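A.B. asks: Structure incoming, see below.
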Amino acid sequence: MFVSDCRREFYDVIVTQRVLLLVASDVDALCACKILQALFQCDHVQYTLVPVSGWQELETAFLEHKDQFKYFVLINCGANVDLLEMLQPEEDTFFFVCDSHRPINVVNVYNDTQIKLLVKQDDDLDVPAYDDIFRDEEDEEEDSENESDGSEPSEKRRRFEEDVIERTMKRRQRREWEARRQEILFDYEQYEYHGTSSAMVMFDLAWIMSKDLNDMLWWAIVGLTDQWVQDKITQMKYVTDIGILQRHVSRHNHRNEDEEHSLSIDCMRIAFEYDLRLALYQHWSLYESLCYTSYTSASLKLWSIQGQKRLQEFLADMGLPLKQVKQKFNSMDMSLKENLREMIEESANKFGMKDLRVQTFSIHFGFKNKFLASDIVYATTSLMENIEKEGPETTNFIKALDSLSRGNLDKLHQGLDLAKKQLRAIQQTVASCICTNLVISQGPFLYCSLMEGTPDVKLFSKPVSLCLLSKYLLKSFVCSTKNKRCKLLPLVMAAPMDVEQGTVIMVGIPPETESSDKKNFFGRAFEKAADSTNSRTLHNHFDMS
């Protein structure tokens with residue numbers, strides 16, 4: 001059931017209870033969790049936080065805690081499956097689900113008692129009507145009416161014939177209804193996509209309760225930016241949501257410029273930026289950022305010698321000396337940095353990169369530290385999917401969660417270093433896949449499999465890293481191939497997951513087109529393929545594809 005009043009139907013209900021938070025392993029979920037934690041801190045709500053990275057962990061966590069808790073809050077998990085069937089909870093257990101995964105399971109939508117969905121009602125949900133999906137069970141075998149002793153035999157026969165015709169009609173109608181139901185459900189569940197960021201939904205709740213702080217607003221921005229960096233939402237949706245957040249930014253960050261001490265040393269300020277679409281460029285060198293950003297690397301075809309020449313021409317066209325672009329961005333001459341964005345945009349247009357600038361936000365901590373929202377997304381993702389073991393399973397999750405707090409800049413910088421390593425590995429793997437023709441056209445889709453022993457292959461045993469690699473590879477392949485048909489094909493990517501168990505992780509990426517609606521059909525396709533081939537598979541990730 002959809003919650004129409006988050007404050008009354010959600011927050012006021014749980015504020016006096018002990019709550020279990022089940023949080024998925026993605027940046028948007030972390031940001032939503034941080035906002036909710038801040039609200040809980042204000043009102044002294046008792047809660048336990050359990051990170052879950054897949055359906056198995058969600059089930060295990062529920063079984064472990066179901067006796068101690070009656071109220072469960074699920075963030076970015078649980079909306080797209082039948083929760084009651086999966087978890088088999090008691091009748092006095094309640095689930096509040098804040099999840100950006102679509103489509104939402106119809107049983108969750110029409111369950112009025114135990115499942116409450118915290119989603120933005122503006123989203124284009126297209127949920128089928130109740131009567132098209134559910135039907136009260138009718139007794140197929142109805143008792144025939146008791147005839148009176150004095151009735152004529154012909155009357156009996158006529159009634160019996162009418163009864164048979166009526167039953168036959170009912171059965172036919174039921175079959176037709178079942179067929180129509182299957183068709184409606186197939187159309188509804190065929191594609192996976194994403195709705196409004198969970199962090200934005202939580203920020204809306206804080207705003208309604210007049211408890212929204214600048215920190216919460218920043219987490220909402222990072223949650224939205226995560227959806228954009230991971231290519232989960234359309235450009236139109238991103239720009240619309242940026243506009244909503246921009247109004248909040250103006251409200252929270254208006255300052256009189258002539259104030260003498262407008263920015264104290266520990267102060268935090270958010271600003272709207274029309275900035276460059278270059279990964280981590282303010283914490284790297286401009287040259288490396290151009291090389292390892294998927295958009296510029298694919299557009300210039302940097303895996304080839306010709307592409308490297310184009311990069312040199314691009315830099316020459318801007319009039320930037322190599323000595324300057326190869327040193328840390330912070331160390332570049334101020335005179336060059338002042339007009340850098342305009343210079344790069346002007347030259348990028350000549351080289352066919354028309355979308356090199358993007359609407360985003362930046363944050364200043366005091367005088368020294370400035371970060372773009374995308375920097376935080378890359379850093380937090382890298383901390384969460386760090387392959388170096390440092391203690392229990394949840395260590396990475398806790399580190400990533402901590403890096404979002406402004407008091408933990410050391411963890412954020414550690415995340416930025418890991419992100420640079422990850423982007424380098426992605427670019428090198430893409431170059432090697434394209435140069436050695438590892439992307440194969442398999443009829444209706446493209447296929448690429450990373451072999452054990454490939455450099456950095458361990459990094460891609462994690463879902464978000466593999467998705468980033470796959471999207472980067474598809475973009476680069478589309479730019480490099482001359483085959484027009486291949487440019488419209490989706491990509492299936494496989495990488496070794498656990499060598500000892502012999503398991504492989506697979507993702508499916510929809511075609512790389514300008515008008516893409518970011519809907520992905522691979523979740524259902526993988527399930528059908530597994531059934532028809534009797535393969536041993538595990539659909540464990542919250543993103544089915």
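Following the order of the structure tokens, chains are lettered A, B, ..., residues in each are numbered from 1, and ligands are numbered from 1.
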Write out as an MDAnalysis selection string which residues come within 9 Å of stretch 72-78 of chain A when counting only C-alpha atoms, dropping same-chain ones fewer than 4 positions away.

C.D. replies: chainID A and resid 19:26 28:30 32:33 52 54:55 58 62 82:83 93:101 104:105 197:198 542

A.B. asks: Include C-alpha atoms and write out the residues we just selected as a compact mmCIF listing (two decimals), in the first residue's frame.

C.D. replies:
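Saved as out.txt:
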```txt
# COMPACT_ATOMS: atom_id res chain seq x y z
CA VAL A 19 13.15 -0.31 14.47
CA LEU A 20 15.34 -2.56 12.30
CA LEU A 21 16.89 -0.78 9.30
CA LEU A 22 17.76 -3.08 6.39
CA VAL A 23 19.90 -1.07 3.97
CA ALA A 24 21.06 -2.15 0.48
CA SER A 25 24.69 -1.72 -0.61
CA ASP A 26 24.39 1.26 -2.94
CA ASP A 28 21.59 6.14 -2.78
CA ALA A 29 20.56 3.71 0.01
CA LEU A 30 23.47 4.90 2.19
CA ALA A 32 18.76 7.74 2.58
CA CYS A 33 20.02 5.83 5.63
CA VAL A 52 22.16 -6.36 3.12
CA GLY A 54 21.25 -9.38 -1.74
CA TRP A 55 18.03 -11.34 -1.22
CA LEU A 58 17.81 -9.91 3.55
CA PHE A 62 14.93 -10.96 8.92
CA ASP A 82 6.40 -10.32 -2.96
CA LEU A 83 7.81 -9.64 0.54
CA THR A 93 5.01 -7.43 11.70
CA PHE A 94 5.11 -4.24 9.60
CA PHE A 95 7.40 -3.32 6.70
CA PHE A 96 8.08 0.23 5.52
CA VAL A 97 9.75 0.03 2.11
CA CYS A 98 11.59 2.98 0.58
CA ASP A 99 12.92 1.62 -2.71
CA SER A 100 13.74 3.17 -6.09
CA HIS A 101 13.55 -0.19 -7.94
CA ILE A 104 6.82 -2.49 -7.64
CA ASN A 105 5.36 -5.94 -6.97
CA SER A 197 16.03 8.38 -5.46
CA SER A 198 15.32 7.04 -1.94
CA PHE A 542 18.38 -6.36 -5.84
```

A.B. asks: Write out as a list of chain:residue names the residues lying within 12 Å of A:Met343, counting only C-alpha atoms and excluding same-chain residues fewer than 6 positions away.

C.D. replies: A:Leu276, A:Phe314, A:Leu315, A:Ala316, A:Asp317, A:Met318, A:Gly319, A:Leu320, A:Leu336, A:Lys337, A:Asn349, A:Lys350, A:Leu356, A:Arg357

A.B. asks: Can you list, as an NGL selection string, every protein, DNA or RNA residue that comes within 10 Å of A:Ile14 when you count only C-alpha atoms, leaving out same-chain residues fewer than 4 positions away?

C.D. replies: :A and (8-10 or 18-19 or 40 or 45-47 or 70-73 or 96)

A.B. asks: Out of A:Phe522, A:Trp303, A:Tyr287, A:Tyr378, which residue has the shortest atom-to-atom distance to A:Ile434 when counting only C-alpha atoms?

C.D. replies: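 Among the listed residues, A:Trp303 lies closest to A:Ile434.
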
A.B. asks: Identify, on the basis of only C-alpha atoms, every residue whose closest approach to A:Val201 does not exceed 12 Å; exclude the query and any residue fewer than 2 positions from it along the same chain; express the result as number ranges by chain.

C.D. replies: A: 3, 5-7, 28-29, 31-33, 35-36, 75-76, 97-100, 117-123, 195-199, 203-208, 216-217, 219-221, 223-224, 241, 244-245

A.B. asks: Do you have the atom CA of A:Val239-atom CA of A:Phe272 distance handy?

C.D. replies: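 Pair atom CA of A:Val239 / atom CA of A:Phe272 returns 12.4 Å.
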
A.B. asks: To one decimal place in Å, what is the distance between atom CA of A:Lys116 and atom CA of A:Gln246?

C.D. replies: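 Taking atom CA of A:Lys116 and atom CA of A:Gln246, their separation equals 29.1 Å.
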
A.B. asks: Hey, which of A:Phe160, A:Phe445, A:Tyr281, A:Trp218 ends up closest to A:Lys487? Count only C-alpha atoms.

C.D. replies: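 Answer, going by the shortest atom-to-atom distance: A:Phe445.
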
A.B. asks: Extract, using only C-alpha atoms, all DNA, RNA and protein residues at most 6 Å from stretch 447-462 of chain A, discarding same-chain residues fewer than 2 positions from it, and format them as a ChimeraX atom specification.

C.D. replies: /A:438-440,464-466,491-495,497

A.B. asks: Taking only C-alpha atoms into account, name the residue in A:Val377, A:Leu372, A:Met384, A:Leu473 that is nearest to A:Gln428.

C.D. replies: A:Leu473

A.B. asks: Out of A:Gln17, A:Phe477, A:Val249, A:Phe526, which residue has the shortest atom-to-atom distance to A:Asn437 when counting only C-alpha atoms?

C.D. replies: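 When distances to A:Asn437 are compared using only C-alpha atoms, the smallest one comes from A:Phe477.
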
A.B. asks: Tell me, as a VMD selection string, which residues lie within 12 Å of A:Ser535, counting only C-alpha atoms; anything in the same chain fewer than 6 positions away does not count.

C.D. replies: chain A and resid 503 526 to 529

A.B. asks: Using only C-alpha atoms, determine which residues lie at most 10 Å from A:His252, disregarding the query and same-chain residues fewer than 3 positions distant; provide the list as a PyMOL selection string.

C.D. replies: chain A and resi 212-214+217+246-249+255+269-270

A.B. asks: Measure the distance from atom CA of A:Lys34 to atom CA of A:Met202 in Å and round it to one decimal.

C.D. replies: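 Those two atoms sit 9.4 Å apart.
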
A.B. asks: Residues of stretch 308-545 of chain A classed as alpha helix (DSSP H) by DSSP on the backbone are to be reported as a ChimeraX atom specification.

C.D. replies: /A:308-318,322-325,334-338,340-350,373-384,395-403,409-435,463-480,522-533

A.B. asks: Pick the closest to A:His283 from A:Asn408, A:Thr225, A:Gln230, A:Asn369: which is it, counting only C-alpha atoms?

C.D. replies: A:Asn369

A.B. asks: Write down as a list in words the residues belonging to stretch 54-204 of chain A that are assigned strand (DSSP E) by DSSP computed on the backbone.

C.D. replies: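 Taking stretch 54-204 of chain A and keeping strand (DSSP E) only, one gets Tyr71, Phe72, Val73, Leu74, Ile75, Phe94, Phe95, Phe96, Val97, Cys98, His101, Arg102, Ile115, Lys116, Leu117, Tyr193 and His194 of chain A.
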